[in-house]
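Source file: work.csv; contents: CSV, N, CA and C atoms.
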chain,number,residue,atom,x,y,z
A,1,ASN,N,-3.7,15.2,21.4
A,1,ASN,CA,-2.8,15.6,20.2
A,1,ASN,C,-3.6,16.6,19.4
A,2,LYS,N,-3.1,17.8,19.5
A,2,LYS,CA,-3.7,18.9,18.7
A,2,LYS,C,-3.1,18.9,17.4
A,3,ILE,N,-3.9,19.2,16.4
A,3,ILE,CA,-3.4,19.3,15.0
A,3,ILE,C,-3.0,20.8,14.8
A,4,LYS,N,-1.8,21.0,14.4
A,4,LYS,CA,-1.3,22.4,14.2
A,4,LYS,C,-1.6,22.8,12.7
A,5,ARG,N,-2.2,23.9,12.5
A,5,ARG,CA,-2.5,24.3,11.2
A,5,ARG,C,-1.5,25.4,10.8
A,6,GLU,N,-0.9,25.2,9.6
A,6,GLU,CA,0.0,26.2,9.1
A,6,GLU,C,-0.4,26.5,7.6
A,7,ILE,N,-0.1,27.7,7.2
A,7,ILE,CA,-0.5,28.2,5.9
A,7,ILE,C,0.8,28.3,5.1
A,8,TYR,N,0.8,27.6,3.9
A,8,TYR,CA,1.9,27.6,3.0
A,8,TYR,C,1.5,28.1,1.6
A,9,SER,N,2.5,28.6,0.9
A,9,SER,CA,2.2,29.0,-0.5
A,9,SER,C,2.1,27.7,-1.3
A,10,ILE,N,1.6,27.7,-2.5
A,10,ILE,CA,1.4,26.5,-3.3
A,10,ILE,C,2.8,25.8,-3.5
A,11,PRO,N,3.8,26.5,-3.9
A,11,PRO,CA,5.1,25.8,-4.1
A,11,PRO,C,5.6,25.2,-2.8
A,12,GLN,N,5.4,25.9,-1.7
A,12,GLN,CA,5.9,25.3,-0.4
A,12,GLN,C,5.1,24.1,-0.1
A,13,ALA,N,3.8,24.1,-0.3
A,13,ALA,CA,2.9,23.0,0.0
A,13,ALA,C,3.2,21.8,-0.9
A,14,PHE,N,3.6,22.1,-2.1
A,14,PHE,CA,4.0,21.0,-3.0
A,14,PHE,C,5.2,20.3,-2.6
A,15,ILE,N,6.2,21.1,-2.2
A,15,ILE,CA,7.5,20.5,-1.7
A,15,ILE,C,7.3,19.7,-0.4
A,16,ILE,N,6.5,20.3,0.5
A,16,ILE,CA,6.2,19.6,1.8
A,16,ILE,C,5.5,18.3,1.5
A,17,SER,N,4.5,18.3,0.6
A,17,SER,CA,3.7,17.1,0.3
A,17,SER,C,4.6,16.1,-0.3
A,18,ILE,N,5.6,16.4,-1.1
A,18,ILE,CA,6.5,15.5,-1.7
A,18,ILE,C,7.3,14.8,-0.6
A,19,ASN,N,7.8,15.7,0.3
A,19,ASN,CA,8.7,15.2,1.4
A,19,ASN,C,7.9,14.3,2.3
A,20,GLU,N,6.6,14.6,2.7
A,20,GLU,CA,5.8,13.8,3.5
A,20,GLU,C,5.5,12.5,2.9
A,21,THR,N,5.2,12.5,1.6
A,21,THR,CA,4.9,11.3,0.8
A,21,THR,C,6.1,10.4,0.8
A,22,ALA,N,7.3,11.0,0.6
A,22,ALA,CA,8.5,10.2,0.7
A,22,ALA,C,8.8,9.6,2.0
A,23,LYS,N,8.5,10.3,3.1
A,23,LYS,CA,8.6,9.7,4.5
A,23,LYS,C,7.7,8.6,4.7
A,24,ILE,N,6.4,8.7,4.3
A,24,ILE,CA,5.4,7.7,4.5
A,24,ILE,C,5.8,6.5,3.7
A,25,THR,N,6.2,6.7,2.4
A,25,THR,CA,6.6,5.6,1.5
A,25,THR,C,7.8,4.9,2.1
A,26,SER,N,8.8,5.6,2.6
A,26,SER,CA,10.0,5.0,3.2
A,26,SER,C,9.6,4.2,4.4
A,27,PHE,N,8.8,4.7,5.3
A,27,PHE,CA,8.4,4.0,6.5
A,27,PHE,C,7.6,2.7,6.1
A,28,THR,N,6.7,2.8,5.1
A,28,THR,CA,6.0,1.6,4.7
A,28,THR,C,6.9,0.6,4.1
A,29,LEU,N,7.8,0.9,3.3
A,29,LEU,CA,8.7,-0.1,2.7
A,29,LEU,C,9.6,-0.7,3.8
A,30,LYS,N,10.1,0.1,4.8
A,30,LYS,CA,10.9,-0.4,5.9
A,30,LYS,C,10.1,-1.4,6.7
A,31,THR,N,8.8,-1.0,7.0
A,31,THR,CA,8.0,-1.9,7.8
A,31,THR,C,7.7,-3.2,7.0
A,32,LEU,N,7.4,-3.1,5.7
A,32,LEU,CA,7.2,-4.3,4.9
A,32,LEU,C,8.4,-5.2,4.9
A,33,GLY,N,9.6,-4.6,4.8
A,33,GLY,CA,10.8,-5.3,4.8
A,33,GLY,C,11.0,-6.0,6.1
A,34,GLN,N,10.7,-5.4,7.2
A,34,GLN,CA,10.8,-6.0,8.5
A,34,GLN,C,9.8,-7.2,8.7
A,35,ILE,N,8.6,-7.0,8.1
A,35,ILE,CA,7.6,-8.1,8.1
A,35,ILE,C,8.2,-9.3,7.3
A,36,ILE,N,8.7,-9.0,6.1
A,36,ILE,CA,9.2,-10.1,5.3
A,36,ILE,C,10.4,-10.8,5.9
A,37,THR,N,11.3,-10.1,6.6
A,37,THR,CA,12.4,-10.7,7.2
A,37,THR,C,12.2,-11.3,8.6
A,38,GLY,N,10.9,-11.1,9.1
A,38,GLY,CA,10.6,-11.6,10.4
A,38,GLY,C,11.0,-10.8,11.6
A,39,HIS,N,11.4,-9.6,11.3
A,39,HIS,CA,11.8,-8.7,12.4
A,39,HIS,C,10.6,-7.9,13.0
A,40,ARG,N,9.5,-8.1,12.4
A,40,ARG,CA,8.2,-7.5,12.8
A,40,ARG,C,7.1,-8.4,12.5
A,41,GLY,N,6.1,-8.5,13.4
A,41,GLY,CA,5.0,-9.4,13.2
A,41,GLY,C,4.0,-8.8,12.1
A,42,THR,N,3.1,-9.7,11.7
A,42,THR,CA,2.1,-9.3,10.7
A,42,THR,C,0.8,-8.7,11.3
A,43,LYS,N,0.8,-8.5,12.6
A,43,LYS,CA,-0.4,-8.0,13.3
A,43,LYS,C,-0.9,-6.6,12.7
A,44,GLU,N,0.0,-5.8,12.2
A,44,GLU,CA,-0.3,-4.5,11.7
A,44,GLU,C,-1.0,-4.6,10.3
A,45,MET,N,-0.9,-5.7,9.6
A,45,MET,CA,-1.5,-5.8,8.3
A,45,MET,C,-3.0,-5.9,8.4
A,46,ALA,N,-3.7,-5.0,7.7
A,46,ALA,CA,-5.1,-4.9,7.9
A,46,ALA,C,-5.9,-5.0,6.6
A,47,SER,N,-7.2,-5.4,6.7
A,47,SER,CA,-8.0,-5.5,5.5
A,47,SER,C,-9.1,-4.4,5.7
A,48,VAL,N,-10.1,-4.4,4.8
A,48,VAL,CA,-11.2,-3.4,4.8
A,48,VAL,C,-11.9,-3.4,6.2
A,49,ILE,N,-11.9,-4.4,7.0
A,49,ILE,CA,-12.5,-4.4,8.3
A,49,ILE,C,-11.9,-3.4,9.2
A,50,ARG,N,-10.6,-3.5,9.4
A,50,ARG,CA,-9.8,-2.6,10.3
A,50,ARG,C,-9.7,-1.2,9.6
A,51,ILE,N,-9.6,-1.1,8.3
A,51,ILE,CA,-9.6,0.2,7.7
A,51,ILE,C,-10.9,0.9,7.9
A,52,SER,N,-12.0,0.3,7.9
A,52,SER,CA,-13.3,0.9,8.1
A,52,SER,C,-13.4,1.3,9.6
A,53,LYS,N,-12.9,0.5,10.5
A,53,LYS,CA,-12.9,0.8,11.9
A,53,LYS,C,-12.0,2.1,12.2
A,54,TYR,N,-10.8,2.1,11.6
A,54,TYR,CA,-10.0,3.3,11.8
A,54,TYR,C,-10.5,4.5,11.1
A,55,SER,N,-11.2,4.3,10.0
A,55,SER,CA,-11.8,5.5,9.3
A,55,SER,C,-12.8,6.2,10.2
A,56,GLY,N,-13.6,5.4,10.9
A,56,GLY,CA,-14.6,6.0,11.8
A,56,GLY,C,-13.9,6.7,13.0
A,57,LYS,N,-12.8,6.1,13.5
A,57,LYS,CA,-12.1,6.7,14.6
A,57,LYS,C,-11.5,8.1,14.1
A,58,PHE,N,-10.9,8.1,13.0
A,58,PHE,CA,-10.3,9.3,12.5
A,58,PHE,C,-11.3,10.4,12.1
A,59,ALA,N,-12.5,9.9,11.6
A,59,ALA,CA,-13.5,10.8,11.2
A,59,ALA,C,-14.0,11.6,12.5
A,60,LYS,N,-14.1,10.8,13.6
A,60,LYS,CA,-14.6,11.4,14.8
A,60,LYS,C,-13.6,12.5,15.4
A,61,GLN,N,-12.3,12.4,15.0
A,61,GLN,CA,-11.3,13.3,15.4
A,61,GLN,C,-11.3,14.6,14.6
A,62,GLY,N,-12.0,14.6,13.5
A,62,GLY,CA,-12.1,15.9,12.7
A,62,GLY,C,-11.7,15.7,11.3
A,63,VAL,N,-11.9,16.7,10.5
A,63,VAL,CA,-11.6,16.6,9.1
A,63,VAL,C,-10.2,16.5,8.8
A,64,SER,N,-9.3,17.2,9.5
A,64,SER,CA,-7.9,17.2,9.3
A,64,SER,C,-7.3,15.8,9.6
A,65,ALA,N,-7.7,15.2,10.7
A,65,ALA,CA,-7.3,13.8,11.0
A,65,ALA,C,-7.8,12.8,10.0
A,66,PHE,N,-9.0,13.0,9.6
A,66,PHE,CA,-9.6,12.0,8.6
A,66,PHE,C,-8.8,12.2,7.3
A,67,MET,N,-8.6,13.4,6.8
A,67,MET,CA,-7.8,13.6,5.6
A,67,MET,C,-6.4,13.0,5.6
A,68,TRP,N,-5.8,13.1,6.8
A,68,TRP,CA,-4.5,12.5,7.0
A,68,TRP,C,-4.6,11.0,6.8
A,69,PHE,N,-5.6,10.4,7.4
A,69,PHE,CA,-5.8,9.0,7.3
A,69,PHE,C,-6.0,8.6,5.9
A,70,ILE,N,-6.8,9.3,5.2
A,70,ILE,CA,-7.1,9.0,3.7
A,70,ILE,C,-5.8,9.2,2.9
A,71,ALA,N,-5.0,10.2,3.2
A,71,ALA,CA,-3.7,10.3,2.5
A,71,ALA,C,-2.8,9.1,2.8
A,72,MET,N,-2.7,8.7,4.0
A,72,MET,CA,-1.9,7.6,4.4
A,72,MET,C,-2.4,6.3,3.6
A,73,LEU,N,-3.6,6.1,3.6
A,73,LEU,CA,-4.2,5.0,2.9
A,73,LEU,C,-4.0,5.0,1.4
A,74,SER,N,-4.1,6.2,0.8
A,74,SER,CA,-3.9,6.3,-0.6
A,74,SER,C,-2.5,6.1,-1.0
A,75,ILE,N,-1.6,6.6,-0.2
A,75,ILE,CA,-0.1,6.4,-0.5
A,75,ILE,C,0.2,4.9,-0.4
A,76,ASN,N,-0.3,4.2,0.7
A,76,ASN,CA,0.0,2.8,0.8
A,76,ASN,C,-0.6,1.9,-0.3
A,77,LEU,N,-1.9,2.2,-0.7
A,77,LEU,CA,-2.5,1.5,-1.7
A,77,LEU,C,-1.8,1.8,-3.1
A,78,GLY,N,-1.4,3.0,-3.3
A,78,GLY,CA,-0.6,3.3,-4.5
A,78,GLY,C,0.7,2.6,-4.6
A,79,LEU,N,1.3,2.5,-3.4
A,79,LEU,CA,2.6,1.8,-3.3
A,79,LEU,C,2.4,0.3,-3.6
A,80,LEU,N,1.4,-0.3,-3.0
A,80,LEU,CA,1.1,-1.7,-3.2
A,80,LEU,C,0.8,-1.9,-4.7
A,81,ASN,N,0.1,-1.0,-5.4
A,81,ASN,CA,-0.2,-1.2,-6.8
A,81,ASN,C,1.1,-1.2,-7.6
A,82,LEU,N,2.2,-0.6,-7.1
A,82,LEU,CA,3.4,-0.6,-7.9
A,82,LEU,C,4.3,-1.9,-7.7
A,83,PHE,N,3.9,-2.7,-6.8
A,83,PHE,CA,4.7,-4.0,-6.6
A,83,PHE,C,4.6,-4.8,-7.9
A,84,PRO,N,5.7,-5.6,-8.2
A,84,PRO,CA,5.8,-6.4,-9.4
A,84,PRO,C,5.0,-7.7,-9.4
A,85,ILE,N,3.7,-7.5,-9.0
A,85,ILE,CA,2.8,-8.7,-9.0
A,85,ILE,C,1.9,-8.5,-10.3
A,86,PRO,N,2.0,-9.5,-11.2
A,86,PRO,CA,1.4,-9.3,-12.5
A,86,PRO,C,0.0,-8.7,-12.7
A,87,PRO,N,-1.0,-8.9,-11.9
A,87,PRO,CA,-2.3,-8.2,-12.1
A,87,PRO,C,-2.3,-6.8,-11.8
A,88,LEU,N,-1.3,-6.3,-11.0
A,88,LEU,CA,-1.2,-4.9,-10.6
A,88,LEU,C,-0.4,-4.1,-11.6
A,89,ASP,N,-0.5,-2.8,-11.6
A,89,ASP,CA,0.2,-2.0,-12.6
A,89,ASP,C,1.7,-2.3,-12.6
A,90,GLY,N,2.3,-2.4,-11.4
A,90,GLY,CA,3.7,-2.7,-11.3
A,90,GLY,C,4.0,-4.0,-11.9
A,91,GLY,N,3.1,-5.0,-11.9
A,91,GLY,CA,3.3,-6.3,-12.5
A,91,GLY,C,3.3,-6.2,-14.0
A,92,HIS,N,2.4,-5.3,-14.5
A,92,HIS,CA,2.4,-5.1,-16.0
A,92,HIS,C,3.7,-4.5,-16.5
A,93,VAL,N,4.2,-3.5,-15.7
A,93,VAL,CA,5.5,-2.9,-16.0
A,93,VAL,C,6.6,-3.9,-16.0
A,94,PHE,N,6.5,-4.8,-14.9
A,94,PHE,CA,7.5,-5.9,-14.8
A,94,PHE,C,7.5,-6.8,-16.0
A,95,LEU,N,6.3,-7.2,-16.5
A,95,LEU,CA,6.2,-8.1,-17.6
A,95,LEU,C,6.7,-7.4,-18.9
A,96,TYR,N,6.4,-6.1,-19.0
A,96,TYR,CA,6.9,-5.3,-20.2
A,96,TYR,C,8.4,-5.3,-20.2
A,97,CYS,N,9.0,-5.1,-19.0
A,97,CYS,CA,10.5,-5.1,-18.9
A,97,CYS,C,11.1,-6.5,-19.2
A,98,VAL,N,10.4,-7.6,-18.8
A,98,VAL,CA,10.9,-8.9,-19.1
A,98,VAL,C,10.8,-9.1,-20.6
A,99,ARG,N,9.7,-8.7,-21.2
A,99,ARG,CA,9.5,-8.8,-22.6
A,99,ARG,C,10.6,-8.0,-23.4
A,100,GLY,N,10.9,-6.8,-22.9
A,100,GLY,CA,11.9,-6.0,-23.5
A,100,GLY,C,13.3,-6.7,-23.4
A,101,LEU,N,13.6,-7.2,-22.2
A,101,LEU,CA,14.9,-7.9,-22.0
A,101,LEU,C,15.0,-9.2,-22.8
A,102,ALA,N,13.9,-9.9,-22.9
A,102,ALA,CA,13.9,-11.2,-23.6
A,102,ALA,C,13.7,-11.0,-25.1
A,103,GLY,N,13.6,-9.8,-25.6
A,103,GLY,CA,13.4,-9.6,-27.0
A,103,GLY,C,12.0,-10.0,-27.5
A,104,ASN,N,11.0,-9.8,-26.6
A,104,ASN,CA,9.6,-10.1,-27.0
A,104,ASN,C,9.4,-11.6,-27.1
A,105,LYS,N,10.3,-12.4,-26.4
A,105,LYS,CA,10.2,-13.9,-26.5
A,105,LYS,C,9.4,-14.5,-25.4
A,106,ILE,N,8.8,-13.8,-24.5
A,106,ILE,CA,8.0,-14.3,-23.5
A,106,ILE,C,6.6,-14.8,-24.1
A,107,SER,N,6.3,-16.0,-23.8
A,107,SER,CA,5.0,-16.5,-24.4
A,107,SER,C,3.8,-16.0,-23.7
A,108,ASP,N,2.7,-16.0,-24.4
A,108,ASP,CA,1.4,-15.7,-23.9
A,108,ASP,C,1.0,-16.6,-22.7
A,109,TYR,N,1.4,-17.9,-22.8
A,109,TYR,CA,1.2,-18.9,-21.8
A,109,TYR,C,1.8,-18.5,-20.5
A,110,VAL,N,3.1,-18.1,-20.6
A,110,VAL,CA,3.8,-17.6,-19.4
A,110,VAL,C,3.2,-16.4,-18.8
A,111,GLU,N,2.8,-15.5,-19.6
A,111,GLU,CA,2.2,-14.2,-19.1
A,111,GLU,C,0.8,-14.5,-18.5
A,112,LYS,N,0.0,-15.4,-19.1
A,112,LYS,CA,-1.3,-15.7,-18.5
A,112,LYS,C,-1.2,-16.4,-17.2
A,113,TYR,N,-0.2,-17.3,-17.1
A,113,TYR,CA,-0.1,-18.0,-15.8
A,113,TYR,C,0.6,-17.2,-14.7
A,114,SER,N,1.4,-16.2,-15.1
A,114,SER,CA,2.0,-15.3,-14.1
A,114,SER,C,0.9,-14.4,-13.6
A,115,ILE,N,0.0,-14.0,-14.4
A,115,ILE,CA,-1.1,-13.2,-13.9
A,115,ILE,C,-2.0,-14.0,-13.0
A,116,ARG,N,-2.3,-15.3,-13.4
A,116,ARG,CA,-3.1,-16.2,-12.5
A,116,ARG,C,-2.4,-16.4,-11.1
A,117,ILE,N,-1.1,-16.6,-11.2
A,117,ILE,CA,-0.4,-16.8,-9.9
A,117,ILE,C,-0.5,-15.5,-9.1
A,118,GLY,N,-0.3,-14.3,-9.7
A,118,GLY,CA,-0.5,-13.1,-9.0
A,118,GLY,C,-1.8,-12.9,-8.4
A,119,VAL,N,-2.9,-13.3,-9.1
A,119,VAL,CA,-4.2,-13.1,-8.6
A,119,VAL,C,-4.4,-14.0,-7.3
A,120,VAL,N,-3.8,-15.3,-7.4
A,120,VAL,CA,-3.9,-16.2,-6.3
A,120,VAL,C,-3.1,-15.5,-5.1
A,121,LEU,N,-2.0,-14.9,-5.3
A,121,LEU,CA,-1.2,-14.3,-4.3
A,121,LEU,C,-2.0,-13.1,-3.6
A,122,LEU,N,-2.7,-12.3,-4.5
A,122,LEU,CA,-3.5,-11.2,-4.0
A,122,LEU,C,-4.7,-11.7,-3.2
A,123,ILE,N,-5.3,-12.8,-3.6
A,123,ILE,CA,-6.5,-13.3,-2.9
A,123,ILE,C,-6.0,-13.9,-1.6
A,124,ALA,N,-4.8,-14.6,-1.6
A,124,ALA,CA,-4.3,-15.1,-0.3
A,124,ALA,C,-4.0,-13.9,0.6
A,125,LEU,N,-3.4,-12.8,0.1
A,125,LEU,CA,-3.1,-11.7,1.0
A,125,LEU,C,-4.4,-11.1,1.5
A,126,MET,N,-5.5,-11.0,0.7
A,126,MET,CA,-6.8,-10.5,1.2
A,126,MET,C,-7.4,-11.4,2.3
A,127,VAL,N,-7.3,-12.7,2.1
A,127,VAL,CA,-7.8,-13.6,3.1
A,127,VAL,C,-7.0,-13.5,4.4
A,128,PHE,N,-5.7,-13.5,4.2
A,128,PHE,CA,-4.8,-13.4,5.4
A,128,PHE,C,-5.1,-12.1,6.2
A,129,THR,N,-5.3,-11.0,5.5
A,129,THR,CA,-5.5,-9.7,6.3
A,129,THR,C,-6.9,-9.7,6.9
A,130,ILE,N,-7.9,-10.3,6.3
A,130,ILE,CA,-9.3,-10.4,6.9
A,130,ILE,C,-9.2,-11.3,8.1
A,131,VAL,N,-8.5,-12.4,8.0
A,131,VAL,CA,-8.4,-13.3,9.2
A,131,VAL,C,-7.6,-12.6,10.3
A,132,ASN,N,-6.6,-11.8,9.9
A,132,ASN,CA,-5.8,-11.0,10.8
A,132,ASN,C,-6.6,-10.0,11.6
A,133,ASP,N,-7.5,-9.4,10.8
A,133,ASP,CA,-8.4,-8.4,11.4
A,133,ASP,C,-9.4,-9.1,12.4
A,134,ILE,N,-9.9,-10.2,12.1
A,134,ILE,CA,-10.8,-10.9,13.0
A,134,ILE,C,-10.1,-11.3,14.2
A,135,ILE,N,-8.8,-11.8,14.1
A,135,ILE,CA,-8.1,-12.2,15.3
A,135,ILE,C,-7.7,-11.1,16.2
A,136,TYR,N,-7.3,-9.9,15.6
A,136,TYR,CA,-6.7,-8.8,16.4
A,136,TYR,C,-7.7,-7.7,16.7
A,137,MET,N,-9.0,-7.9,16.4
A,137,MET,CA,-10.0,-6.9,16.7
A,137,MET,C,-10.7,-7.1,18.1
Using the file provided, produce a representation of the structure as structure tokens.
Amino acid sequence: NKIKREIYSIPQAFIISINETAKITSFTLKTLGQIITGHRGTKEMASVIRISKYSGKFAKQGVSAFMWFIAMLSINLGLLNLFPIPPLDGGHVFLYCVRGLAGNKISDYVEKYSIRIGVVLLIALMVFTIVNDIIYM
């Protein structure tokens, strides 16, 4: 697989980068939806173990391949950060929206426990992906 280099103007590169980011985001959300609905297995979910393994593989393929991998990883982590899980940025936005809809009637107790539940969910996800990496490596 040869990487084809093309030269674009800054406006062209900006538009192409937006389109590629949208494609990657769409694919990631579709894949996640398939995992949640059971139409796809969880084998592809990875932790830092597999990410570091693939980082090495892409680094050996050259700078362009490695930069593509870093871009994919950044988009996926940014997308994950937007999910409405309270400790994440998307979770804070979610809580602000709930507060706005409830007329600021959400109690600190509910907010603290929603954040704790979110932390537990994230830790469970991390443990799951680490175990997944150990099983499938």
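For the atom pair formed by CA of Tyr96 (chain A) and CA of Leu77 (chain A), the distance is 21.8 Å, given to one decimal.
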| message | So that I can check the surroundings of Trp68 (chain A), please list as a PyMOL selection string every protein, DNA and RNA residue that reaches within 12 Å of it, counting only C-alpha atoms and ignoring chain neighbours fewer than 6 positions away. | response | chain A and resi 3+17+20-21+24+54-55+58-59+61-62+74-75
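Reported to one decimal place, the separation of atom C of Lys112 (chain A) from atom N of Asp133 (chain A) is 29.5 Å.
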Can you tell me, as a compact mmCIF listing (two decimals) with N, CA and C atoms, in the frame of the given file, what residues are no more than 6 Å from Ser47 (chain A) when counting all atoms listed in the file, ignoring any on the same chain fewer than 5 positions away?
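selection31.txt, written as the output of this step:
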# COMPACT_ATOMS: atom_id res chain seq x y z
N SER A 52 -12.00 0.30 7.90
CA SER A 52 -13.30 0.90 8.10
C SER A 52 -13.40 1.30 9.60
N THR A 129 -5.30 -11.00 5.50
CA THR A 129 -5.50 -9.70 6.30
C THR A 129 -6.90 -9.70 6.90
N ILE A 130 -7.90 -10.30 6.30
CA ILE A 130 -9.30 -10.40 6.90
C ILE A 130 -9.20 -11.30 8.10
N ASP A 133 -7.50 -9.40 10.80
CA ASP A 133 -8.40 -8.40 11.40
C ASP A 133 -9.40 -9.10 12.40
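Straight-line separation from atom C of Val93 (chain A) to CA of Val119 (chain A): 16.0 Å.
You can rank A:Leu73, A:Met45, A:Ile18, A:Val127 by their closest distance to Thr31 (chain A) using only C-alpha atoms, and at the top of that list sits A:Met45.
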Practice item. Write out as a ChimeraX atom specification all residues of region 8-86 of chain A that backbone DSSP assigns to alpha helix (DSSP H). Key: /A:10-37,48-60,63-81
List as a PDB file with N, CA and C atoms, in the coordinates of the input the protein and nucleic acid residues near Arg116 (chain A), meaning an atom at most 12 Å away when only C-alpha atoms are counted, but skip any in the same chain fewer than 3 places from it.
ATOM      1  N   ILE A  85       3.700  -7.500  -9.000  1.00  0.00           N
ATOM      2  CA  ILE A  85       2.800  -8.700  -9.000  1.00  0.00           C
ATOM      3  C   ILE A  85       1.900  -8.500 -10.300  1.00  0.00           C
ATOM      4  N   PRO A  86       2.000  -9.500 -11.200  1.00  0.00           N
ATOM      5  CA  PRO A  86       1.400  -9.300 -12.500  1.00  0.00           C
ATOM      6  C   PRO A  86       0.000  -8.700 -12.700  1.00  0.00           C
ATOM      7  N   PRO A  87      -1.000  -8.900 -11.900  1.00  0.00           N
ATOM      8  CA  PRO A  87      -2.300  -8.200 -12.100  1.00  0.00           C
ATOM      9  C   PRO A  87      -2.300  -6.800 -11.800  1.00  0.00           C
ATOM     10  N   LEU A  88      -1.300  -6.300 -11.000  1.00  0.00           N
ATOM     11  CA  LEU A  88      -1.200  -4.900 -10.600  1.00  0.00           C
ATOM     12  C   LEU A  88      -0.400  -4.100 -11.600  1.00  0.00           C
ATOM     13  N   GLY A  91       3.100  -5.000 -11.900  1.00  0.00           N
ATOM     14  CA  GLY A  91       3.300  -6.300 -12.500  1.00  0.00           C
ATOM     15  C   GLY A  91       3.300  -6.200 -14.000  1.00  0.00           C
ATOM     16  N   TYR A 109       1.400 -17.900 -22.800  1.00  0.00           N
ATOM     17  CA  TYR A 109       1.200 -18.900 -21.800  1.00  0.00           C
ATOM     18  C   TYR A 109       1.800 -18.500 -20.500  1.00  0.00           C
ATOM     19  N   VAL A 110       3.100 -18.100 -20.600  1.00  0.00           N
ATOM     20  CA  VAL A 110       3.800 -17.600 -19.400  1.00  0.00           C
ATOM     21  C   VAL A 110       3.200 -16.400 -18.800  1.00  0.00           C
ATOM     22  N   GLU A 111       2.800 -15.500 -19.600  1.00  0.00           N
ATOM     23  CA  GLU A 111       2.200 -14.200 -19.100  1.00  0.00           C
ATOM     24  C   GLU A 111       0.800 -14.500 -18.500  1.00  0.00           C
ATOM     25  N   LYS A 112       0.000 -15.400 -19.100  1.00  0.00           N
ATOM     26  CA  LYS A 112      -1.300 -15.700 -18.500  1.00  0.00           C
ATOM     27  C   LYS A 112      -1.200 -16.400 -17.200  1.00  0.00           C
ATOM     28  N   TYR A 113      -0.200 -17.300 -17.100  1.00  0.00           N
ATOM     29  CA  TYR A 113      -0.100 -18.000 -15.800  1.00  0.00           C
ATOM     30  C   TYR A 113       0.600 -17.200 -14.700  1.00  0.00           C
ATOM     31  N   VAL A 119      -2.900 -13.300  -9.100  1.00  0.00           N
ATOM     32  CA  VAL A 119      -4.200 -13.100  -8.600  1.00  0.00           C
ATOM     33  C   VAL A 119      -4.400 -14.000  -7.300  1.00  0.00           C
ATOM     34  N   VAL A 120      -3.800 -15.300  -7.400  1.00  0.00           N
ATOM     35  CA  VAL A 120      -3.900 -16.200  -6.300  1.00  0.00           C
ATOM     36  C   VAL A 120      -3.100 -15.500  -5.100  1.00  0.00           C
ATOM     37  N   LEU A 121      -2.000 -14.900  -5.300  1.00  0.00           N
ATOM     38  CA  LEU A 121      -1.200 -14.300  -4.300  1.00  0.00           C
ATOM     39  C   LEU A 121      -2.000 -13.100  -3.600  1.00  0.00           C
ATOM     40  N   LEU A 122      -2.700 -12.300  -4.500  1.00  0.00           N
ATOM     41  CA  LEU A 122      -3.500 -11.200  -4.000  1.00  0.00           C
ATOM     42  C   LEU A 122      -4.700 -11.700  -3.200  1.00  0.00           C
ATOM     43  N   ILE A 123      -5.300 -12.800  -3.600  1.00  0.00           N
ATOM     44  CA  ILE A 123      -6.500 -13.300  -2.900  1.00  0.00           C
ATOM     45  C   ILE A 123      -6.000 -13.900  -1.600  1.00  0.00           C
TER      46      ILE A 123
END
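Residues lying within 12 Å of Ser64 (chain A), counting only C-alpha atoms and ignoring same-chain neighbours fewer than 5 positions away, are A:Lys2, A:Ile3, A:Lys4, A:Arg5, A:Glu6, A:Phe58, A:Ala59, A:Phe69, A:Ile70, A:Ala71.
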